[in-house]
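Pasted below: input-v4.cif, mmCIF, N, CA and C atoms.
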```
data_run
#
loop_
_atom_site.label_atom_id
_atom_site.label_comp_id
_atom_site.auth_asym_id
_atom_site.auth_seq_id
_atom_site.Cartn_x
_atom_site.Cartn_y
_atom_site.Cartn_z
N MET A 1 -149.22 51.13 -123.20
CA MET A 1 -150.61 50.86 -122.87
C MET A 1 -151.26 50.22 -124.09
N VAL A 2 -151.97 49.16 -123.84
CA VAL A 2 -152.69 48.48 -124.90
C VAL A 2 -154.16 48.89 -124.80
N LEU A 3 -154.68 49.45 -125.89
CA LEU A 3 -156.07 49.89 -125.93
C LEU A 3 -156.87 48.95 -126.82
N SER A 4 -158.14 48.79 -126.49
CA SER A 4 -159.01 47.99 -127.34
C SER A 4 -159.21 48.72 -128.66
N LYS A 5 -159.63 47.98 -129.68
CA LYS A 5 -159.92 48.59 -130.98
C LYS A 5 -161.01 49.66 -130.84
N ALA A 6 -162.02 49.38 -130.01
CA ALA A 6 -163.11 50.34 -129.81
C ALA A 6 -162.58 51.64 -129.22
N THR A 7 -161.68 51.55 -128.26
CA THR A 7 -161.11 52.75 -127.64
C THR A 7 -160.26 53.51 -128.65
N GLU A 8 -159.46 52.79 -129.39
CA GLU A 8 -158.63 53.43 -130.41
C GLU A 8 -159.49 54.15 -131.44
N GLN A 9 -160.55 53.50 -131.89
CA GLN A 9 -161.44 54.10 -132.89
C GLN A 9 -162.21 55.27 -132.30
N ALA A 10 -162.60 55.18 -131.03
CA ALA A 10 -163.29 56.29 -130.37
C ALA A 10 -162.38 57.52 -130.31
N LEU A 11 -161.15 57.32 -129.89
CA LEU A 11 -160.19 58.43 -129.81
C LEU A 11 -159.94 59.04 -131.19
N ARG A 12 -159.66 58.19 -132.17
CA ARG A 12 -159.39 58.69 -133.51
C ARG A 12 -160.61 59.39 -134.10
N GLY A 13 -161.80 58.85 -133.83
CA GLY A 13 -163.03 59.48 -134.31
C GLY A 13 -163.27 60.84 -133.67
N LEU A 14 -163.08 60.92 -132.36
CA LEU A 14 -163.25 62.20 -131.67
C LEU A 14 -162.24 63.23 -132.15
N ILE A 15 -161.01 62.80 -132.35
CA ILE A 15 -159.97 63.71 -132.84
C ILE A 15 -160.33 64.20 -134.24
N TYR A 16 -160.84 63.31 -135.07
CA TYR A 16 -161.26 63.70 -136.42
C TYR A 16 -162.41 64.71 -136.36
N ILE A 17 -163.40 64.45 -135.53
CA ILE A 17 -164.54 65.37 -135.39
C ILE A 17 -164.06 66.73 -134.88
N ALA A 18 -163.15 66.70 -133.90
CA ALA A 18 -162.63 67.96 -133.33
C ALA A 18 -161.86 68.78 -134.37
N ALA A 19 -161.34 68.12 -135.40
CA ALA A 19 -160.59 68.82 -136.43
C ALA A 19 -161.49 69.46 -137.48
N GLN A 20 -162.77 69.15 -137.45
CA GLN A 20 -163.71 69.70 -138.43
C GLN A 20 -164.22 71.06 -137.94
N ARG A 21 -164.98 71.72 -138.79
CA ARG A 21 -165.53 73.02 -138.41
C ARG A 21 -166.42 72.87 -137.19
N ARG A 22 -166.22 73.77 -136.24
CA ARG A 22 -166.97 73.74 -134.99
C ARG A 22 -168.47 73.83 -135.24
N GLY A 23 -169.20 72.92 -134.62
CA GLY A 23 -170.65 72.96 -134.67
C GLY A 23 -171.29 72.30 -135.89
N GLU A 24 -170.47 71.89 -136.87
CA GLU A 24 -171.02 71.24 -138.06
C GLU A 24 -170.99 69.73 -137.89
N PRO A 25 -172.14 69.06 -138.04
CA PRO A 25 -172.19 67.61 -137.86
C PRO A 25 -171.31 66.88 -138.88
N VAL A 26 -170.70 65.81 -138.39
CA VAL A 26 -169.84 64.96 -139.22
C VAL A 26 -170.54 63.61 -139.35
N LEU A 27 -170.73 63.16 -140.57
CA LEU A 27 -171.42 61.89 -140.82
C LEU A 27 -170.58 60.70 -140.37
N SER A 28 -171.27 59.66 -139.88
CA SER A 28 -170.60 58.41 -139.52
C SER A 28 -169.82 57.86 -140.71
N ARG A 29 -170.39 57.96 -141.89
CA ARG A 29 -169.75 57.46 -143.10
C ARG A 29 -168.41 58.14 -143.33
N GLU A 30 -168.38 59.46 -143.10
CA GLU A 30 -167.14 60.21 -143.29
C GLU A 30 -166.08 59.77 -142.27
N ILE A 31 -166.49 59.60 -141.03
CA ILE A 31 -165.57 59.15 -139.98
C ILE A 31 -165.06 57.75 -140.31
N ALA A 32 -165.99 56.87 -140.70
CA ALA A 32 -165.63 55.48 -141.04
C ALA A 32 -164.66 55.44 -142.21
N ASP A 33 -164.91 56.26 -143.22
CA ASP A 33 -164.00 56.31 -144.38
C ASP A 33 -162.61 56.76 -143.95
N TYR A 34 -162.56 57.79 -143.11
CA TYR A 34 -161.27 58.30 -142.64
C TYR A 34 -160.52 57.24 -141.84
N LEU A 35 -161.25 56.52 -140.97
CA LEU A 35 -160.62 55.52 -140.11
C LEU A 35 -160.39 54.19 -140.82
N GLY A 36 -161.11 53.98 -141.91
CA GLY A 36 -161.00 52.71 -142.62
C GLY A 36 -161.67 51.56 -141.89
N VAL A 37 -162.81 51.86 -141.28
CA VAL A 37 -163.58 50.84 -140.55
C VAL A 37 -165.01 50.83 -141.07
N PRO A 38 -165.75 49.75 -140.82
CA PRO A 38 -167.15 49.70 -141.26
C PRO A 38 -167.98 50.79 -140.58
N VAL A 39 -168.89 51.37 -141.35
CA VAL A 39 -169.72 52.46 -140.85
C VAL A 39 -170.56 52.03 -139.65
N GLN A 40 -171.04 50.77 -139.64
CA GLN A 40 -171.86 50.30 -138.51
C GLN A 40 -171.05 50.30 -137.22
N CYS A 41 -169.79 49.94 -137.33
CA CYS A 41 -168.90 49.89 -136.16
C CYS A 41 -168.70 51.29 -135.58
N ILE A 42 -168.37 52.25 -136.44
CA ILE A 42 -168.09 53.60 -135.94
C ILE A 42 -169.37 54.28 -135.46
N THR A 43 -170.51 53.97 -136.09
CA THR A 43 -171.78 54.53 -135.63
C THR A 43 -172.07 54.08 -134.21
N LYS A 44 -171.87 52.82 -133.93
CA LYS A 44 -172.10 52.29 -132.58
C LYS A 44 -171.19 52.99 -131.56
N ILE A 45 -169.94 53.15 -131.90
CA ILE A 45 -168.98 53.81 -131.00
C ILE A 45 -169.37 55.27 -130.78
N MET A 46 -169.71 55.98 -131.86
CA MET A 46 -170.07 57.39 -131.74
C MET A 46 -171.37 57.57 -130.94
N ARG A 47 -172.32 56.67 -131.12
CA ARG A 47 -173.56 56.75 -130.33
C ARG A 47 -173.27 56.54 -128.85
N ASN A 48 -172.37 55.63 -128.55
CA ASN A 48 -171.97 55.41 -127.16
C ASN A 48 -171.32 56.67 -126.58
N LEU A 49 -170.48 57.33 -127.36
CA LEU A 49 -169.86 58.58 -126.90
C LEU A 49 -170.89 59.68 -126.72
N ALA A 50 -171.92 59.68 -127.57
CA ALA A 50 -173.01 60.67 -127.44
C ALA A 50 -173.77 60.41 -126.14
N LYS A 51 -174.04 59.15 -125.82
CA LYS A 51 -174.74 58.81 -124.56
C LYS A 51 -173.93 59.24 -123.35
N ARG A 52 -172.62 59.24 -123.48
CA ARG A 52 -171.74 59.62 -122.37
C ARG A 52 -171.51 61.13 -122.29
N GLY A 53 -172.10 61.88 -123.23
CA GLY A 53 -172.03 63.33 -123.17
C GLY A 53 -170.83 63.96 -123.86
N PHE A 54 -170.11 63.20 -124.67
CA PHE A 54 -168.97 63.74 -125.39
C PHE A 54 -169.38 64.36 -126.72
N LEU A 55 -170.44 63.80 -127.31
CA LEU A 55 -170.91 64.24 -128.63
C LEU A 55 -172.40 64.51 -128.59
N GLU A 56 -172.85 65.27 -129.56
CA GLU A 56 -174.28 65.41 -129.82
C GLU A 56 -174.56 64.65 -131.10
N SER A 57 -175.62 63.87 -131.09
CA SER A 57 -176.04 63.15 -132.28
C SER A 57 -177.17 63.94 -132.93
N VAL A 58 -176.93 64.44 -134.15
CA VAL A 58 -177.91 65.24 -134.88
C VAL A 58 -178.56 64.34 -135.92
N LYS A 59 -179.86 64.18 -135.81
CA LYS A 59 -180.59 63.29 -136.72
C LYS A 59 -181.09 64.04 -137.94
N GLY A 60 -181.41 63.28 -138.98
CA GLY A 60 -182.01 63.86 -140.17
C GLY A 60 -181.00 64.36 -141.18
N ARG A 61 -181.54 65.01 -142.21
CA ARG A 61 -180.71 65.56 -143.27
C ARG A 61 -179.73 66.58 -142.68
N GLY A 62 -178.49 66.45 -143.03
CA GLY A 62 -177.46 67.35 -142.48
C GLY A 62 -177.04 66.94 -141.09
N GLY A 63 -177.45 65.75 -140.67
CA GLY A 63 -177.12 65.27 -139.34
C GLY A 63 -175.74 64.64 -139.27
N GLY A 64 -175.44 64.14 -138.11
CA GLY A 64 -174.15 63.51 -137.87
C GLY A 64 -173.78 63.70 -136.42
N PHE A 65 -172.50 63.77 -136.14
CA PHE A 65 -172.03 63.93 -134.77
C PHE A 65 -171.24 65.22 -134.62
N VAL A 66 -171.51 65.91 -133.51
CA VAL A 66 -170.86 67.19 -133.21
C VAL A 66 -170.22 67.07 -131.83
N LEU A 67 -168.99 67.54 -131.71
CA LEU A 67 -168.32 67.57 -130.42
C LEU A 67 -169.00 68.62 -129.55
N LEU A 68 -169.45 68.24 -128.37
CA LEU A 68 -170.09 69.19 -127.46
C LEU A 68 -169.06 70.17 -126.92
N PRO A 69 -169.46 71.43 -126.67
CA PRO A 69 -168.50 72.42 -126.18
C PRO A 69 -167.75 71.97 -124.93
N ALA A 70 -168.43 71.30 -124.01
CA ALA A 70 -167.76 70.84 -122.79
C ALA A 70 -166.71 69.78 -123.09
N ALA A 71 -166.85 69.09 -124.21
CA ALA A 71 -165.91 68.03 -124.57
C ALA A 71 -164.63 68.58 -125.20
N GLU A 72 -164.60 69.86 -125.51
CA GLU A 72 -163.41 70.43 -126.12
C GLU A 72 -162.20 70.35 -125.19
N THR A 73 -162.45 70.33 -123.89
CA THR A 73 -161.35 70.23 -122.93
C THR A 73 -161.24 68.81 -122.38
N LEU A 74 -161.94 67.89 -122.98
CA LEU A 74 -161.93 66.49 -122.60
C LEU A 74 -160.52 65.93 -122.76
N ASN A 75 -160.03 65.24 -121.72
CA ASN A 75 -158.71 64.67 -121.89
C ASN A 75 -158.79 63.22 -122.33
N ILE A 76 -157.71 62.73 -122.85
CA ILE A 76 -157.66 61.40 -123.44
C ILE A 76 -158.05 60.33 -122.43
N ILE A 77 -157.61 60.47 -121.20
CA ILE A 77 -157.91 59.45 -120.18
C ILE A 77 -159.41 59.33 -119.93
N ASP A 78 -160.15 60.44 -120.01
CA ASP A 78 -161.61 60.39 -119.83
C ASP A 78 -162.25 59.50 -120.89
N VAL A 79 -161.80 59.65 -122.12
CA VAL A 79 -162.36 58.85 -123.21
C VAL A 79 -161.97 57.38 -123.05
N VAL A 80 -160.71 57.14 -122.76
CA VAL A 80 -160.24 55.76 -122.60
C VAL A 80 -161.02 55.06 -121.50
N GLU A 81 -161.17 55.70 -120.35
CA GLU A 81 -161.88 55.08 -119.23
C GLU A 81 -163.37 54.90 -119.54
N ALA A 82 -163.95 55.84 -120.26
CA ALA A 82 -165.38 55.71 -120.62
C ALA A 82 -165.61 54.53 -121.55
N VAL A 83 -164.76 54.39 -122.54
CA VAL A 83 -164.95 53.30 -123.51
C VAL A 83 -164.54 51.96 -122.91
N GLU A 84 -163.44 51.94 -122.19
CA GLU A 84 -162.97 50.69 -121.58
C GLU A 84 -163.90 50.23 -120.46
N GLY A 85 -164.58 51.20 -119.82
CA GLY A 85 -165.53 50.84 -118.77
C GLY A 85 -164.92 50.64 -117.41
N HIS A 86 -163.68 51.06 -117.25
CA HIS A 86 -163.02 50.94 -115.94
C HIS A 86 -161.88 51.95 -115.85
N SER A 87 -161.45 52.17 -114.62
CA SER A 87 -160.35 53.09 -114.36
C SER A 87 -159.05 52.45 -114.83
N LEU A 88 -158.12 53.26 -115.27
CA LEU A 88 -156.83 52.77 -115.71
C LEU A 88 -155.78 52.87 -114.61
N SER A 89 -156.22 52.76 -113.38
CA SER A 89 -155.27 52.83 -112.28
C SER A 89 -154.23 51.72 -112.43
N PRO A 90 -153.04 51.96 -111.94
CA PRO A 90 -151.99 50.96 -112.08
C PRO A 90 -152.40 49.59 -111.55
N HIS A 91 -152.06 48.56 -112.29
CA HIS A 91 -152.34 47.19 -111.87
C HIS A 91 -151.07 46.36 -112.07
N CYS A 92 -151.05 45.18 -111.53
CA CYS A 92 -149.87 44.33 -111.59
C CYS A 92 -149.62 43.85 -113.02
N VAL A 93 -148.42 44.09 -113.52
CA VAL A 93 -148.05 43.67 -114.87
C VAL A 93 -147.98 42.15 -114.97
N LEU A 94 -147.75 41.47 -113.85
CA LEU A 94 -147.69 40.01 -113.86
C LEU A 94 -149.06 39.38 -113.60
N GLY A 95 -150.06 40.24 -113.34
CA GLY A 95 -151.42 39.74 -113.16
C GLY A 95 -151.73 39.25 -111.75
N LEU A 96 -150.86 39.56 -110.80
CA LEU A 96 -151.12 39.13 -109.42
C LEU A 96 -152.27 39.93 -108.82
N LYS A 97 -153.13 39.24 -108.08
CA LYS A 97 -154.29 39.91 -107.47
C LYS A 97 -153.86 40.79 -106.32
N VAL A 98 -152.83 40.38 -105.60
CA VAL A 98 -152.32 41.16 -104.49
C VAL A 98 -150.91 41.64 -104.85
N CYS A 99 -150.82 42.89 -105.22
CA CYS A 99 -149.54 43.49 -105.59
C CYS A 99 -149.62 44.97 -105.22
N ALA A 100 -148.97 45.32 -104.17
CA ALA A 100 -148.95 46.70 -103.70
C ALA A 100 -147.55 46.98 -103.17
N ASP A 101 -147.33 48.18 -102.71
CA ASP A 101 -146.00 48.53 -102.21
C ASP A 101 -145.53 47.55 -101.13
N GLU A 102 -146.46 47.10 -100.28
CA GLU A 102 -146.09 46.19 -99.18
C GLU A 102 -145.86 44.76 -99.67
N THR A 103 -146.58 44.35 -100.70
CA THR A 103 -146.51 42.97 -101.21
C THR A 103 -146.17 43.00 -102.69
N ALA A 104 -145.11 43.67 -103.04
CA ALA A 104 -144.79 43.94 -104.43
C ALA A 104 -144.23 42.73 -105.17
N CYS A 105 -144.63 42.62 -106.44
CA CYS A 105 -144.04 41.64 -107.34
C CYS A 105 -142.67 42.18 -107.78
N PRO A 106 -141.86 41.36 -108.44
CA PRO A 106 -140.52 41.82 -108.84
C PRO A 106 -140.52 43.04 -109.77
N LEU A 107 -141.59 43.26 -110.51
CA LEU A 107 -141.63 44.38 -111.45
C LEU A 107 -142.46 45.57 -110.96
N HIS A 108 -142.98 45.48 -109.74
CA HIS A 108 -143.95 46.46 -109.24
C HIS A 108 -143.46 47.91 -109.32
N ARG A 109 -142.31 48.19 -108.79
CA ARG A 109 -141.84 49.59 -108.73
C ARG A 109 -141.69 50.19 -110.13
N GLN A 110 -141.00 49.49 -111.03
CA GLN A 110 -140.79 50.03 -112.37
C GLN A 110 -142.12 50.15 -113.13
N TRP A 111 -142.96 49.12 -113.05
CA TRP A 111 -144.23 49.12 -113.77
C TRP A 111 -145.15 50.22 -113.26
N SER A 112 -145.29 50.34 -111.95
CA SER A 112 -146.22 51.34 -111.41
C SER A 112 -145.74 52.75 -111.72
N ASP A 113 -144.43 52.97 -111.70
CA ASP A 113 -143.90 54.29 -112.04
C ASP A 113 -144.20 54.63 -113.51
N LEU A 114 -143.93 53.69 -114.41
CA LEU A 114 -144.21 53.91 -115.83
C LEU A 114 -145.69 54.12 -116.09
N ARG A 115 -146.51 53.29 -115.48
CA ARG A 115 -147.96 53.37 -115.66
C ARG A 115 -148.49 54.71 -115.16
N ARG A 116 -148.00 55.15 -114.01
CA ARG A 116 -148.43 56.43 -113.45
C ARG A 116 -148.04 57.59 -114.37
N GLN A 117 -146.82 57.54 -114.92
CA GLN A 117 -146.37 58.58 -115.86
C GLN A 117 -147.25 58.60 -117.10
N GLU A 118 -147.56 57.43 -117.60
CA GLU A 118 -148.41 57.31 -118.78
C GLU A 118 -149.80 57.89 -118.53
N ILE A 119 -150.40 57.54 -117.41
CA ILE A 119 -151.73 58.04 -117.06
C ILE A 119 -151.70 59.55 -116.84
N ASP A 120 -150.66 60.03 -116.16
CA ASP A 120 -150.53 61.48 -115.95
C ASP A 120 -150.43 62.22 -117.28
N TRP A 121 -149.67 61.67 -118.23
CA TRP A 121 -149.55 62.30 -119.54
C TRP A 121 -150.90 62.32 -120.25
N LEU A 122 -151.64 61.20 -120.20
CA LEU A 122 -152.94 61.14 -120.85
C LEU A 122 -153.93 62.15 -120.25
N ARG A 123 -153.76 62.47 -118.97
CA ARG A 123 -154.62 63.47 -118.32
C ARG A 123 -154.34 64.88 -118.84
N THR A 124 -153.15 65.11 -119.37
CA THR A 124 -152.79 66.46 -119.83
C THR A 124 -153.11 66.70 -121.30
N GLN A 125 -153.45 65.65 -122.04
CA GLN A 125 -153.70 65.77 -123.47
C GLN A 125 -155.20 65.84 -123.73
N THR A 126 -155.63 66.90 -124.41
CA THR A 126 -157.06 67.03 -124.73
C THR A 126 -157.31 66.60 -126.17
N ILE A 127 -158.57 66.27 -126.42
CA ILE A 127 -158.98 65.88 -127.76
C ILE A 127 -158.67 67.00 -128.76
N CYS A 128 -158.99 68.23 -128.40
CA CYS A 128 -158.75 69.35 -129.33
C CYS A 128 -157.27 69.60 -129.56
N GLU A 129 -156.44 69.44 -128.52
CA GLU A 129 -154.99 69.60 -128.71
C GLU A 129 -154.46 68.52 -129.66
N MET A 130 -154.96 67.30 -129.50
CA MET A 130 -154.54 66.21 -130.37
C MET A 130 -154.98 66.49 -131.81
N ALA A 131 -156.20 67.02 -131.98
CA ALA A 131 -156.69 67.35 -133.32
C ALA A 131 -155.79 68.40 -133.96
N LYS A 132 -155.38 69.39 -133.21
CA LYS A 132 -154.50 70.43 -133.75
C LYS A 132 -153.16 69.85 -134.18
N MET A 133 -152.63 68.92 -133.38
CA MET A 133 -151.35 68.29 -133.73
C MET A 133 -151.49 67.39 -134.96
N CYS A 134 -152.59 66.66 -135.04
CA CYS A 134 -152.78 65.69 -136.13
C CYS A 134 -153.21 66.34 -137.44
N PHE A 135 -153.94 67.45 -137.35
CA PHE A 135 -154.52 68.08 -138.54
C PHE A 135 -154.09 69.53 -138.65
N SER A 136 -152.83 69.79 -138.45
CA SER A 136 -152.37 71.19 -138.42
C SER A 136 -152.63 71.94 -139.73
N SER A 137 -152.76 71.23 -140.84
CA SER A 137 -153.00 71.90 -142.11
C SER A 137 -154.50 72.16 -142.35
N MET A 138 -155.36 71.58 -141.49
CA MET A 138 -156.80 71.77 -141.65
C MET A 138 -157.29 72.87 -140.73
N GLN A 139 -158.50 73.33 -140.96
CA GLN A 139 -159.16 74.28 -140.08
C GLN A 139 -159.60 73.50 -138.84
N VAL A 140 -159.01 73.82 -137.69
CA VAL A 140 -159.35 73.13 -136.44
C VAL A 140 -160.13 74.06 -135.55
N ALA A 141 -161.23 73.53 -134.97
CA ALA A 141 -162.08 74.33 -134.09
C ALA A 141 -161.32 74.78 -132.87
#
```

Please express the file's structure as structure tokens.
Amino acid sequence: MVLSKATEQALRGLIYIAAQRRGEPVLSREIADYLGVPVQCITKIMRNLAKRGFLESVKGRGGGFVLLPAAETLNIIDVVEAVEGHSLSPHCVLGLKVCADETACPLHRQWSDLRRQEIDWLRTQTICEMAKMCFSSMQVA
């Protein structure tokens, strides 16, 4: 699966936030430094995630972004679809507009099976589980 840079940064940012102490805001600057991206870029992405209900944006001194309790069970596919702006349902790998079981392209069966497995796996992985795997030596919420 090829993800946009924004989606990749959103996932990595959420995983980083989930690895921090629960309920403590994480500054955009800290996330940007960890990801190695400009702070303006990550701030825009994190604000978008806050608008979608994944994060709380805390303003003022001691502010930053906090993972909302409901987002702790958020799966990877939810984030990908929110940032990408569309469903990741299987589509034709050759780009054909009409490609279904009845009118299949030469790669349809193998591609749709792989794509379905990939999407199913992304549905089982949560942001917090990923944070635990990525930051096992840190205190994870």

Top pick for closest residue to Ile42 (chain A), considering A:Arg61, A:Arg21, A:Arg29, A:Arg109 and counting all atoms listed in the file: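 Comparing A:Arg61, A:Arg21, A:Arg29, A:Arg109 against Ile42 (chain A), the winner is A:Arg29.
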
field: Picked from chain A by DSSP as helix (DSSP H, G or I), as a PyMOL selection string
entry: chain A and resi 5-18+28-35+39-51+69-73+76-84+108-124+127-134

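For the pair CA of Phe65 (chain A) and atom N of Ala6 (chain A), the interatomic distance is 18.3 Å.
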
Taking all atoms of region 64-74 of chain A that the file lists and extending 8 Å past them on each side, where is the centre of the axis-aligned box and how long are its edges? Answer in Å to one decimal, as AutoDock Vina command-line options.
```
--center_x -168.0 --center_y 68.0 --center_z -130.2 --size_x 30.9 --size_y 24.9 --size_z 31.7
```

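Among A:Glu8, A:Leu49, A:Gly13, A:Leu67, the residue with the shortest atom-to-atom distance to Ala32 (chain A), counting all atoms listed in the file, is A:Gly13.
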
- line: Restricting to only N, CA and C atoms, whichever of A:Leu55, A:Asn48, A:Thr43, A:Gly64 is closest to Pro25 (chain A) is A:Gly64

field: Expected answer as a list in words: all residues with atoms within 12 Å of (-171.3, 64.1, -141.9), only C-alpha atoms
entry: Tyr16, Ile17, Gln20, Arg21, Gly23, Glu24, Pro25, Val26, Leu27, Ser28, Arg29, Glu30, Ile31, Ala32, Asp33, Tyr34, Val39, Thr43, Ser57, Val58, Lys59, Gly60, Arg61, Gly62, Gly63, Gly64, Phe65 and Val66 of chain A

query: So which one's closest to Ala18 (chain A), A:Leu3, A:Val80, A:Glu72, A:Arg52? Using only N, CA and C atoms, please.
result: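 Of the candidates, the smallest distance to Ala18 (chain A) is held by A:Glu72.
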
- prompt: Between atom C of Pro69 (chain A) and atom C of Cys41 (chain A), what is the distance, to one decimal in Å?
  reply: 23.3 Å

As a short mmCIF file (atom, residue, chain, number, x, y, z; two decimals) with N, CA and C atoms, keeping the file's coordinate frame, please: all residues of region 3-95 of chain A that backbone DSSP puts in strand (DSSP E).
```
data_model
loop_
_atom_site.label_atom_id
_atom_site.label_comp_id
_atom_site.auth_asym_id
_atom_site.auth_seq_id
_atom_site.Cartn_x
_atom_site.Cartn_y
_atom_site.Cartn_z
N LEU A 55 -170.44 63.80 -127.31
CA LEU A 55 -170.91 64.24 -128.63
C LEU A 55 -172.40 64.51 -128.59
N GLU A 56 -172.85 65.27 -129.56
CA GLU A 56 -174.28 65.41 -129.82
C GLU A 56 -174.56 64.65 -131.10
N SER A 57 -175.62 63.87 -131.09
CA SER A 57 -176.04 63.15 -132.28
C SER A 57 -177.17 63.94 -132.93
N VAL A 58 -176.93 64.44 -134.15
CA VAL A 58 -177.91 65.24 -134.88
C VAL A 58 -178.56 64.34 -135.92
N GLY A 64 -175.44 64.14 -138.11
CA GLY A 64 -174.15 63.51 -137.87
C GLY A 64 -173.78 63.70 -136.42
N PHE A 65 -172.50 63.77 -136.14
CA PHE A 65 -172.03 63.93 -134.77
C PHE A 65 -171.24 65.22 -134.62
N VAL A 66 -171.51 65.91 -133.51
CA VAL A 66 -170.86 67.19 -133.21
C VAL A 66 -170.22 67.07 -131.83
N LEU A 67 -168.99 67.54 -131.71
CA LEU A 67 -168.32 67.57 -130.42
C LEU A 67 -169.00 68.62 -129.55
#
```

- request: Return as a ChimeraX atom specification the set of residues that the PyMOL selection byres ((chain A and resi 77) around 7) yields on the displayed structure.
  value: /A:74-76,78-82,122-125

Contacts of Thr73 (chain A) at 7 Å (only N, CA and C atoms; same-chain gap of 5+ positions) as a list of chain:residue names: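 Residues meeting the cut-off are A:Gln125, A:Thr126, A:Ile127, A:Cys128.
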
- prompt: Separation of CA of Leu68 (chain A) and atom C of Lys51 (chain A), in Å?
  reply: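 About the pair CA of Leu68 (chain A) and atom C of Lys51 (chain A): they are 11.4 Å apart.
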
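The smallest atom-to-atom distance between Ser112 (chain A) and any of A:Glu56, A:Cys99, A:Ala19, A:Ala50, using only C-alpha atoms, is found for A:Cys99.
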